[in-house]
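Okay, upload13.txt now, which holds compact mmCIF, C-alpha atoms:
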# COMPACT_ATOMS: atom_id res chain seq x y z
CA MET A 1 24.13 14.27 -12.64
CA ALA A 2 21.16 13.18 -10.53
CA ASN A 3 19.01 15.76 -8.80
CA LEU A 4 19.86 15.04 -5.19
CA ALA A 5 19.27 17.42 -2.29
CA PRO A 6 21.08 15.94 0.73
CA ASP A 7 20.38 16.84 4.33
CA SER A 8 22.16 15.89 7.55
CA GLU A 9 20.48 12.48 7.53
CA GLY A 10 21.55 11.63 4.01
CA GLY A 11 18.95 13.09 1.69
CA ARG A 12 15.44 14.31 1.15
CA ALA A 13 14.90 14.31 -2.61
CA PHE A 14 16.20 12.33 -5.57
CA VAL A 15 14.84 12.19 -9.11
CA ARG A 16 16.39 10.16 -11.89
CA PRO A 17 17.62 12.45 -14.68
CA GLY A 18 14.91 12.84 -17.31
CA PHE A 19 12.13 11.49 -15.07
CA ARG A 20 9.18 13.83 -14.59
CA TRP A 21 7.57 12.57 -11.41
CA ASP A 22 4.09 13.92 -12.19
CA SER A 23 3.90 13.04 -15.88
CA ALA A 24 1.93 9.78 -15.62
CA ASP A 25 -1.78 9.50 -16.41
CA VAL A 26 -2.43 7.25 -13.40
CA PHE A 27 -0.88 7.05 -9.94
CA LEU A 28 -1.19 3.89 -7.85
CA PHE A 29 -0.73 4.59 -4.14
CA ASP A 30 0.16 2.08 -1.49
CA ILE A 31 -1.77 2.78 1.73
CA ASP A 32 0.12 1.90 4.93
CA GLY A 33 3.27 3.93 5.34
CA THR A 34 2.62 5.86 2.11
CA LEU A 35 -0.75 7.55 2.47
CA LEU A 36 -1.22 7.03 6.18
CA ASN A 37 0.03 5.33 9.31
CA SER A 38 -2.47 3.57 11.58
CA ARG A 39 -2.37 4.68 15.22
CA ASP A 40 -4.51 1.76 16.35
CA ALA A 41 -4.37 -2.04 16.52
CA VAL A 42 -7.68 -2.86 14.83
CA HIS A 43 -6.15 -4.42 11.72
CA TYR A 44 -3.42 -6.13 13.76
CA PHE A 45 -5.87 -7.84 16.13
CA ALA A 46 -8.16 -8.87 13.26
CA PHE A 47 -5.56 -11.40 12.05
CA ARG A 48 -5.50 -13.19 15.40
CA GLY A 49 -9.25 -12.93 15.95
CA ALA A 50 -10.17 -14.29 12.54
CA ILE A 51 -7.81 -17.27 12.78
CA ARG A 52 -9.15 -18.07 16.25
CA GLU A 53 -12.77 -17.80 15.08
CA VAL A 54 -12.36 -19.94 11.96
CA LEU A 55 -9.74 -22.50 13.01
CA GLY A 56 -9.69 -22.37 16.80
CA ILE A 57 -5.96 -21.63 16.67
CA GLU A 58 -4.25 -19.04 18.84
CA ALA A 59 -1.81 -17.50 16.40
CA SER A 60 0.14 -14.26 16.34
CA ILE A 61 1.67 -12.27 13.52
CA GLU A 62 4.65 -11.43 15.74
CA GLY A 63 7.87 -12.20 13.88
CA VAL A 64 6.18 -12.26 10.47
CA PRO A 65 7.35 -9.49 8.10
CA VAL A 66 4.41 -7.16 7.56
CA HIS A 67 5.88 -4.05 5.93
CA GLY A 68 5.63 -4.51 2.19
CA ASN A 69 3.78 -7.80 2.66
CA THR A 70 0.11 -8.44 1.85
CA ASP A 71 -2.66 -9.54 4.19
CA VAL A 72 -2.87 -12.89 2.40
CA GLY A 73 0.91 -13.25 2.53
CA ILE A 74 0.87 -12.54 6.27
CA LEU A 75 -1.95 -15.02 6.87
CA ARG A 76 -0.15 -17.69 4.86
CA ALA A 77 3.07 -17.22 6.84
CA VAL A 78 1.23 -17.36 10.17
CA LEU A 79 -0.74 -20.48 9.23
CA ARG A 80 2.32 -22.27 7.85
CA ARG A 81 4.04 -21.58 11.15
CA ALA A 82 1.02 -23.12 12.88
CA GLY A 83 1.52 -26.30 10.85
CA LEU A 84 -1.00 -25.95 8.02
CA ASN A 85 0.00 -26.84 4.48
CA ASP A 86 -0.91 -24.62 1.52
CA ALA A 87 -3.87 -26.77 0.49
CA ALA A 88 -5.44 -26.38 3.94
CA ILE A 89 -4.62 -22.67 4.00
CA ASN A 90 -6.24 -22.12 0.61
CA LEU A 91 -9.32 -24.00 1.78
CA HIS A 92 -9.80 -21.78 4.83
CA LEU A 93 -8.59 -18.45 3.45
CA PRO A 94 -11.96 -17.20 2.14
CA LYS A 95 -13.62 -17.65 5.54
CA ILE A 96 -10.66 -16.13 7.41
CA VAL A 97 -10.66 -13.12 5.07
CA GLU A 98 -14.41 -12.71 5.53
CA GLN A 99 -14.01 -12.83 9.30
CA MET A 100 -11.10 -10.35 9.27
CA CYS A 101 -13.14 -7.86 7.28
CA ALA A 102 -16.11 -8.32 9.61
CA GLU A 103 -13.94 -7.65 12.68
CA VAL A 104 -12.44 -4.49 11.21
CA GLN A 105 -15.89 -3.31 10.16
CA GLN A 106 -17.21 -4.02 13.65
CA ASN A 107 -14.37 -2.00 15.20
CA ARG A 108 -14.24 0.74 12.58
CA GLU A 109 -14.81 3.50 15.14
CA GLN A 110 -11.49 2.58 16.75
CA LEU A 111 -9.58 3.06 13.49
CA ASN A 112 -7.19 5.97 13.90
CA PRO A 113 -5.29 6.61 10.65
CA GLU A 114 -2.89 9.55 10.51
CA LEU A 115 -2.18 11.00 7.10
CA CYS A 116 1.48 11.17 6.14
CA PRO A 117 2.92 14.67 5.61
CA SER A 118 1.35 16.67 2.75
CA ILE A 119 -0.56 13.66 1.40
CA LEU A 120 -3.82 15.59 1.08
CA GLU A 121 -1.99 18.36 -0.78
CA LEU A 122 -0.26 15.81 -3.02
CA LEU A 123 -3.51 14.05 -3.92
CA THR A 124 -5.17 17.40 -4.58
CA HIS A 125 -2.26 18.50 -6.78
CA LEU A 126 -2.46 15.34 -8.88
CA GLN A 127 -6.25 15.46 -9.16
CA SER A 128 -6.17 19.09 -10.24
CA GLY A 129 -3.76 18.04 -12.98
CA GLY A 130 -6.29 15.55 -14.31
CA LYS A 131 -4.55 12.47 -12.97
CA LEU A 132 -6.45 9.28 -12.15
CA LEU A 133 -5.72 8.05 -8.63
CA GLY A 134 -5.94 4.44 -7.49
CA ALA A 135 -5.23 2.67 -4.23
CA ALA A 136 -3.00 -0.38 -4.67
CA SER A 137 -2.50 -2.02 -1.30
CA GLY A 138 -1.70 -5.30 0.37
CA ASN A 139 -4.70 -4.67 2.64
CA LEU A 140 -7.86 -6.67 2.16
CA GLU A 141 -10.27 -4.57 0.12
CA GLU A 142 -12.76 -3.72 2.86
CA VAL A 143 -9.95 -2.97 5.31
CA GLY A 144 -8.17 -0.69 2.87
CA TRP A 145 -11.27 1.29 1.98
CA LEU A 146 -12.22 1.66 5.65
CA LYS A 147 -8.79 3.15 6.44
CA LEU A 148 -9.07 5.60 3.56
CA GLU A 149 -12.63 6.49 4.53
CA LYS A 150 -11.66 7.13 8.15
CA ALA A 151 -8.70 9.24 6.97
CA GLY A 152 -11.07 11.35 4.86
CA ILE A 153 -9.46 10.65 1.48
CA LYS A 154 -11.48 7.74 0.06
CA PRO A 155 -13.42 9.97 -2.41
CA MET A 156 -10.14 11.00 -4.06
CA PHE A 157 -9.55 7.48 -5.40
CA ALA A 158 -11.33 6.35 -8.55
CA PHE A 159 -10.57 2.66 -7.98
CA GLY A 160 -8.64 0.24 -5.81
CA SER A 161 -6.71 -3.00 -6.12
CA PHE A 162 -6.19 -5.05 -2.97
CA SER A 163 -5.06 -8.37 -1.52
CA PHE A 164 -7.26 -11.46 -1.96
CA PRO A 165 -7.57 -13.18 -4.24
CA ARG A 166 -4.31 -11.48 -5.27
CA GLU A 167 -1.40 -12.31 -2.99
CA SER A 168 1.74 -10.63 -4.36
CA ARG A 169 2.28 -6.90 -4.74
CA ALA A 170 3.04 -7.37 -8.43
CA GLU A 171 -0.38 -9.00 -8.90
CA ILE A 172 -2.02 -6.15 -7.00
CA PHE A 173 -0.26 -3.48 -9.07
CA GLN A 174 -1.02 -5.30 -12.32
CA HIS A 175 -4.69 -5.49 -11.40
CA GLY A 176 -4.61 -1.75 -10.68
CA ILE A 177 -3.09 -1.09 -14.10
CA ASP A 178 -5.80 -3.24 -15.71
CA LEU A 179 -8.56 -1.36 -13.85
CA ALA A 180 -7.11 1.99 -14.93
CA GLN A 181 -7.02 0.82 -18.53
CA GLN A 182 -10.67 -0.20 -18.32
CA LEU A 183 -11.65 3.17 -16.87
CA LEU A 184 -9.71 5.20 -19.43
CA GLY A 185 -10.37 2.98 -22.42
CA ARG A 186 -6.70 3.00 -23.36
CA ARG A 187 -3.34 1.88 -22.03
CA PRO A 188 -2.27 4.64 -19.63
CA GLY A 189 1.08 5.72 -18.31
CA VAL A 190 1.22 4.50 -14.70
CA THR A 191 3.47 5.39 -11.78
CA VAL A 192 3.50 3.55 -8.45
CA ILE A 193 4.05 5.43 -5.19
CA GLY A 194 5.07 3.32 -2.19
CA ASP A 195 7.25 3.20 0.90
CA THR A 196 8.91 -0.22 0.91
CA PRO A 197 11.46 -2.21 -1.09
CA SER A 198 8.60 -4.54 -2.05
CA ASP A 199 6.82 -1.68 -3.81
CA ILE A 200 9.97 -0.89 -5.78
CA ASP A 201 10.54 -4.55 -6.68
CA ALA A 202 6.95 -5.09 -7.80
CA ALA A 203 6.90 -1.96 -9.95
CA ARG A 204 10.22 -2.97 -11.50
CA ALA A 205 8.85 -6.45 -12.27
CA LEU A 206 6.00 -4.83 -14.20
CA GLY A 207 8.20 -2.28 -15.94
CA VAL A 208 6.45 0.79 -14.52
CA PRO A 209 8.07 3.81 -12.84
CA VAL A 210 8.10 3.94 -9.05
CA ILE A 211 8.40 6.79 -6.57
CA ALA A 212 9.52 5.85 -3.06
CA ILE A 213 8.49 7.94 -0.06
CA ALA A 214 10.25 7.36 3.27
CA THR A 215 7.21 7.76 5.52
CA GLY A 216 7.06 4.12 6.60
CA ILE A 217 9.77 2.18 8.43
CA TYR A 218 12.39 2.47 5.67
CA SER A 219 14.68 5.48 5.53
CA PHE A 220 15.35 7.68 2.53
CA ALA A 221 18.85 6.16 2.26
CA GLN A 222 17.52 2.58 2.31
CA LEU A 223 14.95 3.28 -0.40
CA ARG A 224 17.27 5.43 -2.50
CA ALA A 225 19.83 2.58 -2.54
CA LEU A 226 17.30 0.43 -4.43
CA ASP A 227 17.31 2.89 -7.34
CA PRO A 228 13.67 3.96 -7.67
CA ASP A 229 12.89 6.54 -10.35
CA ALA A 230 12.42 9.11 -7.59
CA CYS A 231 12.77 9.07 -3.83
CA PHE A 232 11.55 11.62 -1.27
CA ALA A 233 11.70 11.88 2.49
CA CYS A 234 7.96 12.67 2.50
CA GLY A 235 5.20 14.15 0.38
CA THR A 236 6.22 17.66 1.38
CA ASP A 237 9.60 17.18 -0.29
CA LEU A 238 7.94 15.68 -3.35
CA LEU A 239 5.67 18.71 -3.79
CA ALA A 240 8.57 21.09 -3.22
CA PHE A 241 10.80 19.40 -5.77
CA SER A 242 11.59 21.05 -9.07
CA GLY A 243 14.02 19.29 -11.31
Whole structure, structure tokens version:
Amino acid sequence: MANLAPDSEGGRAFVRPGFRWDSADVFLFDIDGTLLNSRDAVHYFAFRGAIREVLGIEASIEGVPVHGNTDVGILRAVLRRAGLNDAAINLHLPKIVEQMCAEVQQNREQLNPELCPSILELLTHLQSGGKLLGAASGNLEEVGWLKLEKAGIKPMFAFGSFSFPRESRAEIFQHGIDLAQQLLGRRPGVTVIGDTPSDIDAARALGVPVIAIATGIYSFAQLRALDPDACFACGTDLLAFSG
């Protein structure tokens, strides 16, 4: 029988029988919707500004799926919609990425990340247990680190794996696993923590456990239906869980 504690909205905590959620050596955390939610438009406007600066194209990310996507994946979708083929996109991507990072850096004071519930306590709990923490995000590297820095939690992460040159979440997670192995000098047990179906799919593709937290746009019920190893309404429920 699964450990499921339902509430009026359908549930708050699920853990697969036999799965110890905090048993891994390394935890890879997605950023947006998992660790924090951005209460600003700095990152959003950087896509449009960078494409305009490099290509002279007025393009918008409206209508492009962003939750669970990567910055490179978003850029590719926007530029394909604008009529560019993949060869042209690949040619211009490095400059567009550079410009995006420069714009976010320039507007860093406007960044307004809000930590998701009990995230600081969760990170502290894992660190105190000797766990290695890594950021594994679809953000561009400079953008991701700036968000974590502004949120006050950057020092808690030993390493990070980000979008560009990696494009898929599976590539990003795999790179994070490789970095953890280099740091520890051995093949570690790794668990991914994310908030989207894409995080679950990517972890599954790599054969690593995944914990879903419903602090992004997807509900507990939606994430639970995809059969992650554990699913929680938020970090508070994760910390409160005892199997």
- request: Find, counting all atoms listed in the file, the residue in A:Asp237, A:Asp195, A:Asp229, A:Asp71 that gets nearest to Arg16 (chain A).
  value: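 Of the candidates, the smallest distance to Arg16 (chain A) is held by A:Asp229.
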query: Hey, what's within 12 Å of Leu146 (chain A) if we count only C-alpha atoms and toss same-chain stuff fewer than 2 positions away? As a PyMOL selection string, please?
result: chain A and resi 31+38+42-43+101-113+139-144+148-155
- request: Measure the distance from CA of Leu115 (chain A) to CA of Gly160 (chain A) in Å and round it to one decimal.
  value: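 These atoms are spaced 18.0 Å apart.
With distances restricted to only C-alpha atoms, A:Ala212 is the closest residue to Ala225 (chain A) from A:Met100, A:Ala59, A:Ala41, A:Ala212.
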field: Distance of CA of Pro197 (chain A) from CA of Pro209 (chain A), expressed in Å to one decimal place
entry: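 It comes out at 13.6 Å.
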- prompt: Any idea what the distance is between CA of Leu238 (chain A) and CA of Ala13 (chain A)?
  reply: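 Answer for the CA of Leu238 (chain A) to CA of Ala13 (chain A) separation: 7.1 Å.
Proximity to region 174-186 of chain A at 10 Å, evaluated using only C-alpha atoms and with sequence-adjacent residues fewer than 4 positions away removed, yields A:Asp25, A:Val26, A:Phe27, A:Leu28, A:Phe29, A:Leu132, A:Leu133, A:Gly134, A:Ala135, A:Ala136, A:Ser137, A:Ala158, A:Phe159, A:Gly160, A:Ser161, A:Phe162, A:Arg166, A:Ser168, A:Arg169, A:Ala170, A:Val190, A:Thr191, A:Val192, A:Ala202, A:Ala203, A:Ala205, A:Leu206, A:Val208.
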